[in-house]
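Undergrad: Sharing run36.cif below, mmCIF, C-alpha atoms:
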data_target
loop_
_atom_site.label_atom_id
_atom_site.label_comp_id
_atom_site.auth_asym_id
_atom_site.auth_seq_id
_atom_site.Cartn_x
_atom_site.Cartn_y
_atom_site.Cartn_z
CA MET A 15 -0.85 -17.04 8.09
CA LYS A 16 1.11 -13.86 8.80
CA GLY A 17 -0.32 -10.40 9.47
CA PHE A 18 0.78 -7.01 10.75
CA VAL A 19 -0.70 -6.64 14.23
CA PHE A 20 -1.24 -3.50 16.31
CA HIS A 21 -0.37 -4.07 19.98
CA GLY A 22 -0.89 -0.55 21.28
CA PRO A 23 0.62 2.88 20.61
CA GLY A 24 4.13 2.44 19.23
CA GLN A 25 3.89 -1.36 19.28
CA SER A 26 3.30 -3.64 16.29
CA ALA A 27 4.66 -6.81 14.69
CA TRP A 28 4.50 -9.00 11.57
CA GLN A 29 3.49 -12.29 13.18
CA ASP A 30 1.42 -15.45 13.00
CA VAL A 31 -2.33 -14.79 13.17
CA PRO A 32 -5.36 -17.07 12.73
CA ASP A 33 -6.44 -17.81 9.18
CA PRO A 34 -9.66 -15.97 8.25
CA ALA A 35 -12.95 -17.79 7.85
CA VAL A 36 -16.32 -16.97 6.32
CA LYS A 37 -18.48 -15.83 9.25
CA GLU A 38 -21.48 -14.41 7.40
CA PRO A 39 -23.05 -15.46 4.09
CA THR A 40 -22.12 -12.05 2.64
CA ASP A 41 -18.37 -12.51 3.34
CA ALA A 42 -15.53 -13.19 0.93
CA ILE A 43 -12.01 -14.42 1.71
CA VAL A 44 -9.37 -12.69 -0.40
CA ARG A 45 -5.77 -13.78 -0.89
CA VAL A 46 -3.80 -10.55 -0.70
CA ASP A 47 -1.53 -9.97 -3.69
CA ALA A 48 -0.78 -6.26 -3.14
CA VAL A 49 -1.30 -4.01 -0.16
CA THR A 50 -0.19 -0.55 0.85
CA ILE A 51 0.27 1.53 3.99
CA CYS A 52 -1.88 4.58 4.67
CA GLY A 53 -1.16 7.68 6.68
CA THR A 54 -4.13 6.64 8.81
CA ASP A 55 -2.20 3.51 9.80
CA LEU A 56 0.54 5.78 11.16
CA HIS A 57 -2.10 7.70 13.12
CA ILE A 58 -3.29 4.38 14.59
CA LEU A 59 0.25 3.46 15.65
CA LYS A 60 0.58 6.87 17.35
CA GLY A 61 -2.58 6.21 19.35
CA ASP A 62 -4.69 8.79 17.49
CA VAL A 63 -7.48 6.27 16.72
CA PRO A 64 -8.41 4.74 20.09
CA GLU A 65 -11.17 2.55 18.62
CA VAL A 66 -8.49 0.22 17.22
CA ARG A 67 -8.00 -2.52 19.79
CA PRO A 68 -4.64 -4.19 20.46
CA GLY A 69 -4.46 -7.45 18.53
CA THR A 70 -6.05 -6.02 15.37
CA VAL A 71 -4.46 -6.70 11.97
CA LEU A 72 -4.02 -3.29 10.35
CA GLY A 73 -4.64 -2.20 6.76
CA HIS A 74 -7.70 -1.25 4.71
CA GLU A 75 -6.46 -1.33 1.07
CA ALA A 76 -5.63 -4.37 -1.03
CA VAL A 77 -5.76 -6.13 -4.37
CA GLY A 78 -6.08 -9.89 -4.42
CA GLU A 79 -7.89 -13.01 -5.56
CA ILE A 80 -11.17 -14.32 -4.20
CA VAL A 81 -10.60 -17.78 -2.70
CA GLU A 82 -13.95 -18.35 -0.96
CA VAL A 83 -17.34 -16.64 -0.73
CA GLY A 84 -20.38 -16.97 1.49
CA GLY A 85 -23.63 -18.31 0.18
CA ASP A 86 -25.24 -14.91 -0.40
CA VAL A 87 -22.41 -13.39 -2.47
CA ARG A 88 -23.51 -12.89 -6.07
CA THR A 89 -21.14 -10.49 -7.85
CA VAL A 90 -17.78 -12.26 -7.41
CA ARG A 91 -16.61 -15.84 -7.21
CA PRO A 92 -13.40 -17.73 -6.40
CA GLY A 93 -10.66 -16.93 -8.89
CA ASP A 94 -11.78 -13.34 -9.51
CA ARG A 95 -9.11 -10.64 -9.18
CA VAL A 96 -10.53 -7.79 -7.11
CA LEU A 97 -9.85 -4.45 -5.48
CA VAL A 98 -10.70 -4.48 -1.77
CA SER A 99 -12.22 -1.11 -0.90
CA CYS A 100 -11.26 0.70 2.29
CA ILE A 101 -15.00 1.05 2.98
CA SER A 102 -17.45 -1.81 3.50
CA ALA A 103 -21.13 -1.28 2.74
CA CYS A 104 -24.15 -3.24 3.92
CA GLY A 105 -26.21 -1.77 1.08
CA ARG A 106 -29.42 -1.63 3.13
CA CYS A 107 -29.17 1.14 5.73
CA ARG A 108 -30.23 4.72 5.12
CA PHE A 109 -26.70 5.93 4.39
CA CYS A 110 -25.86 3.11 1.99
CA ARG A 111 -29.08 3.77 0.10
CA GLU A 112 -27.79 7.35 -0.35
CA SER A 113 -24.35 6.06 -1.48
CA ALA A 114 -22.85 7.44 1.75
CA TYR A 115 -21.14 4.12 2.42
CA GLY A 116 -18.57 5.60 4.80
CA GLN A 117 -21.41 6.25 7.27
CA CYS A 118 -22.92 2.75 6.97
CA ARG A 119 -24.95 1.80 10.05
CA GLY A 120 -25.44 -1.83 9.09
CA GLY A 121 -22.04 -3.08 10.16
CA GLY A 122 -19.96 -1.49 7.43
CA GLY A 123 -18.16 1.82 6.98
CA TRP A 124 -14.46 1.93 7.78
CA ILE A 125 -14.10 -1.37 9.60
CA LEU A 126 -11.11 -3.11 7.96
CA GLY A 127 -8.00 -2.52 10.06
CA HIS A 128 -10.13 -0.41 12.39
CA LEU A 129 -12.87 -2.45 14.03
CA ILE A 130 -12.00 -5.85 12.50
CA ASP A 131 -8.85 -7.44 11.11
CA GLY A 132 -7.60 -5.70 8.00
CA THR A 133 -5.69 -6.27 4.79
CA GLN A 134 -2.02 -6.17 5.85
CA ALA A 135 -1.90 -9.95 5.92
CA GLU A 136 -1.68 -12.89 3.56
CA TYR A 137 -5.47 -13.32 3.56
CA VAL A 138 -8.38 -11.13 4.64
CA ARG A 139 -12.08 -11.58 5.34
CA VAL A 140 -14.12 -8.89 3.58
CA PRO A 141 -17.68 -8.38 4.84
CA TYR A 142 -20.47 -7.41 2.43
CA ALA A 143 -18.39 -8.50 -0.52
CA ASP A 144 -20.96 -7.61 -3.19
CA LEU A 145 -20.52 -3.88 -2.50
CA SER A 146 -17.07 -3.92 -0.88
CA VAL A 147 -14.88 -5.42 -3.60
CA HIS A 148 -14.58 -4.44 -7.25
CA ALA A 149 -13.64 -6.76 -10.11
CA LEU A 150 -10.44 -5.50 -11.74
CA PRO A 151 -9.84 -5.14 -15.46
CA SER A 152 -6.70 -6.88 -16.65
CA ALA A 153 -5.35 -3.55 -17.94
CA VAL A 154 -4.82 -2.26 -14.38
CA GLU A 155 -1.76 -3.63 -12.60
CA SER A 156 -2.06 -4.55 -8.93
CA LYS A 157 0.44 -1.94 -7.73
CA ASP A 158 -1.59 0.75 -9.50
CA ALA A 159 -5.02 -0.59 -8.57
CA VAL A 160 -4.27 -0.69 -4.85
CA LEU A 161 -4.05 3.11 -4.84
CA LEU A 162 -7.73 3.17 -5.86
CA ALA A 163 -8.76 1.44 -2.64
CA ASP A 164 -8.41 4.63 -0.60
CA ILE A 165 -6.21 7.58 -1.56
CA PHE A 166 -7.71 8.36 -4.96
CA PRO A 167 -11.38 8.14 -3.95
CA THR A 168 -10.60 9.94 -0.69
CA SER A 169 -8.82 12.85 -2.33
CA TYR A 170 -11.43 13.04 -5.09
CA GLU A 171 -14.56 12.80 -2.95
CA VAL A 172 -13.54 14.43 0.34
CA GLY A 173 -11.18 16.97 -1.20
CA VAL A 174 -12.11 17.85 -4.78
CA LEU A 175 -15.86 17.15 -4.81
CA ASN A 176 -16.54 18.42 -1.29
CA GLY A 177 -14.44 21.49 -2.12
CA HIS A 178 -16.54 22.16 -5.25
CA VAL A 179 -13.51 22.68 -7.49
CA ARG A 180 -14.63 24.42 -10.69
CA PRO A 181 -13.01 25.57 -13.93
CA GLY A 182 -10.90 28.67 -13.40
CA ASP A 183 -10.48 28.19 -9.64
CA THR A 184 -7.36 28.73 -7.60
CA VAL A 185 -6.93 25.54 -5.57
CA ALA A 186 -4.48 25.36 -2.65
CA ILE A 187 -3.58 21.93 -1.31
CA VAL A 188 -1.89 21.89 2.08
CA GLY A 189 0.05 18.65 2.36
CA ALA A 190 1.79 17.02 -0.59
CA GLY A 191 1.78 13.49 0.74
CA PRO A 192 -0.08 10.74 -1.13
CA ILE A 193 -3.54 12.20 -0.46
CA GLY A 194 -2.45 15.70 -1.44
CA LEU A 195 -0.79 14.46 -4.60
CA ALA A 196 -3.87 12.46 -5.57
CA ALA A 197 -5.90 15.62 -4.94
CA ILE A 198 -3.69 17.47 -7.43
CA THR A 199 -4.30 14.88 -10.14
CA THR A 200 -8.06 14.70 -9.56
CA ALA A 201 -8.49 18.49 -9.19
CA ARG A 202 -6.91 18.86 -12.63
CA LEU A 203 -9.91 17.01 -14.09
CA PHE A 204 -11.95 20.18 -13.43
CA ALA A 205 -9.59 22.60 -15.22
CA PRO A 206 -8.75 25.00 -12.37
CA GLU A 207 -6.71 28.07 -13.31
CA ARG A 208 -3.93 27.08 -10.91
CA ILE A 209 -3.09 24.54 -8.24
CA VAL A 210 -0.73 25.50 -5.41
CA ALA A 211 0.82 22.79 -3.24
CA VAL A 212 2.14 23.49 0.27
CA ASP A 213 4.42 21.16 2.22
CA LEU A 214 7.54 21.07 4.38
CA ALA A 215 9.45 18.46 2.34
CA ALA A 216 11.28 19.55 -0.82
CA SER A 217 10.94 16.03 -2.30
CA ARG A 218 7.16 16.14 -1.96
CA LEU A 219 6.94 19.61 -3.46
CA GLU A 220 8.94 18.34 -6.43
CA ALA A 221 6.51 15.41 -6.75
CA ALA A 222 3.66 17.93 -6.66
CA ARG A 223 5.20 19.79 -9.61
CA ARG A 224 5.57 16.54 -11.57
CA LEU A 225 1.93 15.69 -10.99
CA GLY A 226 0.61 19.05 -12.13
CA ALA A 227 0.91 21.71 -9.41
CA ASP A 228 1.41 25.11 -11.02
CA ALA A 229 3.18 26.55 -7.96
CA VAL A 230 4.60 25.16 -4.73
CA ALA A 231 5.36 26.71 -1.37
CA ASP A 232 7.37 25.67 1.66
CA ALA A 233 4.99 25.78 4.60
CA ARG A 234 7.63 27.67 6.60
CA GLU A 235 7.89 30.49 4.06
CA ASP A 236 4.54 32.30 4.24
CA PRO A 237 2.34 30.40 1.76
CA GLU A 238 -0.49 32.78 2.67
CA GLN A 239 1.40 35.60 0.99
CA LEU A 240 1.96 33.51 -2.14
CA ILE A 241 -1.78 32.82 -2.39
CA ALA A 242 -2.52 36.51 -1.85
CA ASP A 243 -0.04 37.49 -4.55
CA LEU A 244 -1.50 35.03 -7.04
CA THR A 245 -5.10 36.10 -6.41
CA ASP A 246 -4.76 39.88 -6.04
CA GLY A 247 -5.32 39.52 -2.32
CA LEU A 248 -8.58 37.59 -2.70
CA GLY A 249 -7.54 34.14 -1.45
CA ALA A 250 -7.95 30.64 -2.85
CA ASP A 251 -11.34 29.47 -4.08
CA VAL A 252 -10.76 26.01 -2.64
CA VAL A 253 -8.30 24.94 0.04
CA ILE A 254 -7.81 21.23 0.71
CA GLU A 255 -6.33 20.18 4.06
CA ALA A 256 -4.38 16.94 3.59
CA VAL A 257 -2.18 16.75 6.69
CA GLY A 258 -4.28 16.37 9.82
CA VAL A 259 -2.62 18.71 12.34
CA PRO A 260 -4.06 21.89 13.90
CA GLU A 261 -1.52 24.20 12.25
CA SER A 262 -2.36 23.02 8.73
CA PHE A 263 -6.12 23.31 9.26
CA GLU A 264 -5.80 26.82 10.65
CA LEU A 265 -3.52 27.76 7.73
CA CYS A 266 -6.23 26.58 5.32
CA THR A 267 -8.85 28.81 6.94
CA ARG A 268 -6.54 31.81 6.57
CA MET A 269 -5.88 31.16 2.85
CA VAL A 270 -9.47 30.75 1.65
CA ARG A 271 -11.32 33.62 -0.03
CA PRO A 272 -14.69 34.95 1.14
CA GLY A 273 -17.32 32.55 -0.16
CA GLY A 274 -14.71 29.84 -0.68
CA HIS A 275 -14.46 26.24 0.47
CA VAL A 276 -12.14 24.52 2.93
CA ALA A 277 -12.27 20.74 2.45
CA ASN A 278 -10.66 18.88 5.33
CA VAL A 279 -9.31 15.46 4.36
CA GLY A 280 -6.61 14.96 7.02
CA VAL A 281 -7.09 12.64 10.01
CA HIS A 282 -6.87 14.78 13.14
CA GLY A 283 -5.71 13.43 16.49
CA LYS A 284 -5.74 16.79 18.31
CA PRO A 285 -8.18 19.71 18.54
CA ALA A 286 -7.82 22.58 16.09
CA THR A 287 -9.01 26.12 16.76
CA LEU A 288 -11.86 27.34 14.61
CA HIS A 289 -11.36 31.09 14.41
CA LEU A 290 -14.96 32.16 14.08
CA GLU A 291 -13.99 35.66 15.11
CA ASP A 292 -12.44 35.92 11.63
CA LEU A 293 -14.55 33.48 9.66
CA TRP A 294 -18.11 34.36 10.68
CA ILE A 295 -18.29 37.20 8.18
CA LYS A 296 -16.60 35.45 5.22
CA ASN A 297 -19.34 33.05 4.00
CA VAL A 298 -16.80 30.22 4.13
CA THR A 299 -17.92 26.60 3.79
CA ILE A 300 -15.89 24.04 5.77
CA THR A 301 -16.46 20.36 5.06
CA THR A 302 -15.17 17.22 6.71
CA GLY A 303 -15.65 13.68 5.60
CA LEU A 304 -14.81 10.02 5.55
CA VAL A 305 -14.62 8.68 2.02
CA ASP A 306 -17.70 6.86 0.72
CA THR A 307 -15.93 5.23 -2.28
CA HIS A 308 -18.97 5.82 -4.50
CA SER A 309 -16.51 7.08 -7.12
CA THR A 310 -14.38 3.92 -7.20
CA PRO A 311 -15.97 2.41 -10.34
CA THR A 312 -15.45 5.69 -12.21
CA LEU A 313 -11.83 5.97 -11.06
CA LEU A 314 -11.19 2.35 -12.06
CA ARG A 315 -12.42 3.07 -15.57
CA MET A 316 -10.19 6.13 -15.75
CA ALA A 317 -7.18 4.16 -14.52
CA ALA A 318 -7.80 1.46 -17.13
CA ALA A 319 -7.89 4.19 -19.78
CA GLY A 320 -4.58 5.62 -18.57
CA ARG A 321 -6.16 8.85 -17.27
CA LEU A 322 -4.86 8.60 -13.68
CA PRO A 323 -1.08 8.69 -12.99
CA THR A 324 -1.21 6.13 -10.20
CA ALA A 325 2.20 4.61 -10.95
CA GLN A 326 3.95 7.93 -10.31
CA LEU A 327 2.97 7.79 -6.64
CA VAL A 328 4.59 4.40 -5.94
CA THR A 329 8.16 4.99 -4.80
CA HIS A 330 8.99 1.76 -2.91
CA THR A 331 7.98 -1.90 -3.26
CA PHE A 332 8.53 -4.74 -0.78
CA PRO A 333 7.50 -8.37 -0.33
CA LEU A 334 4.81 -8.85 2.29
CA ASP A 335 7.18 -10.28 4.87
CA ARG A 336 9.11 -6.99 4.96
CA MET A 337 6.11 -5.15 6.36
CA GLU A 338 8.01 -3.74 9.33
CA GLU A 339 10.73 -2.33 7.04
CA ALA A 340 8.06 -0.84 4.77
CA TYR A 341 6.45 0.90 7.75
CA ASP A 342 9.80 2.33 8.77
CA VAL A 343 10.46 3.69 5.27
CA PHE A 344 6.94 5.13 4.96
CA SER A 345 7.00 6.74 8.41
CA ARG A 346 10.29 8.53 7.62
CA ALA A 347 9.10 9.99 4.33
CA ALA A 348 11.05 13.22 4.78
CA ASP A 349 14.27 11.18 4.85
CA THR A 350 13.39 8.33 2.48
CA GLY A 351 11.37 10.23 -0.13
CA ALA A 352 8.56 7.69 0.23
CA LEU A 353 5.19 8.55 -1.26
CA LYS A 354 3.38 5.22 -1.46
CA VAL A 355 4.88 1.86 -0.61
CA VAL A 356 3.34 -1.28 -2.12
CA LEU A 357 3.89 -4.75 -0.71
CA GLY A 358 3.19 -8.14 -2.18
CA GLU A 359 2.90 -9.65 -5.65
CA GLN A 360 5.13 -12.54 -4.62
CA PRO A 361 4.09 -16.24 -4.41
CA HIS A 362 2.05 -17.21 -1.35
CA GLU A 363 2.08 -20.44 0.54
CA GLU A 364 -1.40 -21.86 0.33
CA VAL A 365 -3.23 -21.87 3.65
CA ALA A 366 -6.26 -23.88 4.54
CA ILE A 367 -9.37 -21.72 4.79
CA PRO A 368 -11.49 -23.21 7.57
CA ALA A 369 -15.17 -23.79 6.98
CA ALA A 370 -17.58 -21.35 8.57
#
Represent the structure from my file as structure tokens, please.

TA:
Amino acid sequence: MKGFVFHGPGQSAWQDVPDPAVKEPTDAIVRVDAVTICGTDLHILKGDVPEVRPGTVLGHEAVGEIVEVGGDVRTVRPGDRVLVSCISACGRCRFCRESAYGQCRGGGGWILGHLIDGTQAEYVRVPYADLSVHALPSAVESKDAVLLADIFPTSYEVGVLNGHVRPGDTVAIVGAGPIGLAAITTARLFAPERIVAVDLAASRLEAARRLGADAVADAREDPEQLIADLTDGLGADVVIEAVGVPESFELCTRMVRPGGHVANVGVHGKPATLHLEDLWIKNVTITTGLVDTHSTPTLLRMAAAGRLPTAQLVTHTFPLDRMEEAYDVFSRAADTGALKVVLGEQPHEEVAIPAA
């Protein structure tokens, strides 16, 4: 089969790779029908995630059809259409028993496209299938469902829930890429007074307005002053960091009010300065997190009911074999206007799945 392989910082290719096989009785093999590219994949290609070894198939989000399962899999069977979660969960360790699946110590957590071969391929092996894939209702199209594998649960759990967004809050979201935009839509579920989006790209700020931001600010034009003006100098109740660079994190800590929350969602490849000389007196709560995906079933129900505007985030579609072009378009979002790119949904050549 074909897969998109990481060969080291700045090096990757869509190439022939071995067909996946069931290795453990809890595995499932999924034929990939739709897949997307995440900002984290770009961080990997830059060398920001050194745990990813050269030769790894990238990708941790997909929709597809089960073609084979191990003997211990009980919740899905061949022929089922499923969402492949970005997080795998053993279901037995301390963290899984607390629904903190992202911290799984039993061989799960974020492993797809990180520690094992991922979803940007024609087929993928998914460990711990009973807790790591979700049966899809027919009402949810593949190109919409694939956004529920990562960006929606990530923005909701690590941004909105960790930030304790409440009715009447002022919420500032720094970064209007896919995660930031999904944070806008999920923050709106809690009826904040206003949502302010901050970004460098005019196209993304316009997308933020379409998805429900009440105000937008160019990051180069003193967004701190805008927040101060809107809150009588108090600061934002919740600030969500959705970029992953030191400057954006430090901006978030300057915009939050005393007693407020800074929820960091961005993937950071460099150190950021924590200005405790300013923050120690402000009763500020700063949270970090890897998504647990405990909210995925809820978000799936909301998507099926038409309550999540997933389709509005998809700006480009490609067949799977144009993976390299899709990466180029996604990585140049300021020029291309790309928010999310979705690949797939074209006929596959059948491949033989070897026996375990």

Undergrad: Using only C-alpha atoms, list the residues that have an atom at most 9 Å from (7.4, -3.3, 3.1), coordinates as in the file, as a PyMOL selection string.

TA: chain A and resi 50-51+330-344+355-358

Undergrad: Taking 2 positions as the minimum chain separation for residues in the same chain, which residues sit within 8 Å of Arg139 (chain A) when counting all atoms listed in the file? Answer as a ChimeraX atom specification.

TA: /A:34-36,41-44,131-132,137,141

Undergrad: Could you tell me which of A:Ala325, A:Ala286, A:Val138, A:Val31 comes closest to Val19 (chain A) if we count only C-alpha atoms?

TA: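 Selected residue with least distance to Val19 (chain A): A:Val31.
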
Undergrad: Applied to the shown file, which residues does the PyMOL selection byres ((chain A and resi 217) around 12) return, written as a list in words?

TA: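 Selected by the PyMOL selection byres ((chain A and resi 217) around 12) here: Ala190, Gly191, Val212, Asp213, Leu214, Ala215, Ala216, Arg218, Leu219, Glu220, Ala221, Ala222, Arg223, Arg224, Val230, Asp232, Thr329, Ala347, Ala348, Asp349, Thr350, Gly351, Ala352 and Leu353 of chain A.
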
Undergrad: Need the shell around Lys284 (chain A): protein/DNA/RNA residues with any atom at most 10 Å away, counting only C-alpha atoms. Skip same-chain ones fewer than 5 positions apart. Format as number ranges by chain?

TA: A: 62, 258-260

Undergrad: For Thr40 (chain A), work out the shell of residues within 9 Å, counting only C-alpha atoms and skipping chain neighbours fewer than 3 positions away, then give it as a list in words.

TA: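 The contact residues come out as Val36, Lys37, Val83, Gly84, Gly85, Asp86, Val87, Arg88, Val140, Pro141, Tyr142, Ala143 and Asp144 of chain A.
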
Undergrad: Would you compute the distance between CA of Gly122 (chain A) and CA of Cys52 (chain A)? Give it in Å to one decimal.

TA: 19.3 Å

Undergrad: Any idea what's packed within 8 Å of Thr184 (chain A), counting all atoms listed in the file, ignoring anything in its chain fewer than 6 positions away? Could you give it as a PyMOL selection string?

TA: chain A and resi 206-210+245+250-252

Undergrad: Under the rule that only C-alpha atoms are counted, which of A:Gly127, A:Gly189, A:Gly247, A:Gly173 is the nearest residue to Leu56 (chain A)?

TA: A:Gly127

Undergrad: List, as a ChimeraX atom specification, every residue that the PyMOL selection byres ((chain A and resi 199) around 10) selects in the file provided.

TA: /A:166,169-170,174,194-198,200-204,209,222,225-227,321-324

Undergrad: When you count only C-alpha atoms, which of these residues is closest to Lys354 (chain A): A:Gly17, A:Gly116, A:Gly53, A:Gly249?

TA: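 Result for the nearest residue to Lys354 (chain A): A:Gly53.
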
Undergrad: For CA of Cys118 (chain A) and CA of Ile193 (chain A), determine how far apart the two atoms are, in Å to one decimal place.

TA: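 These two atoms are separated by 22.8 Å.
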
Undergrad: Just the number, please: distance in Å from CA of Leu126 (chain A) to CA of Thr70 (chain A), one decimal.

TA: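 Value for the CA of Leu126 (chain A)-CA of Thr70 (chain A) distance: 9.4 Å.
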
Undergrad: Under the PyMOL selection byres ((chain A and resi 295-310) around 6), which residues of this model are included? Write them out as a ChimeraX atom specification.

TA: /A:114-116,167-168,172,272-278,293-294,311-313

Undergrad: Take every atom of region 164-170 of chain A listed in the file, pad by 8 Å on each side, and give me the axis-aligned box centre and edge lengths in Å, one decimal, as JSON.

TA:
{"center_x": -8.8, "center_y": 8.8, "center_z": -2.8, "size_x": 21.2, "size_y": 24.4, "size_z": 20.5}
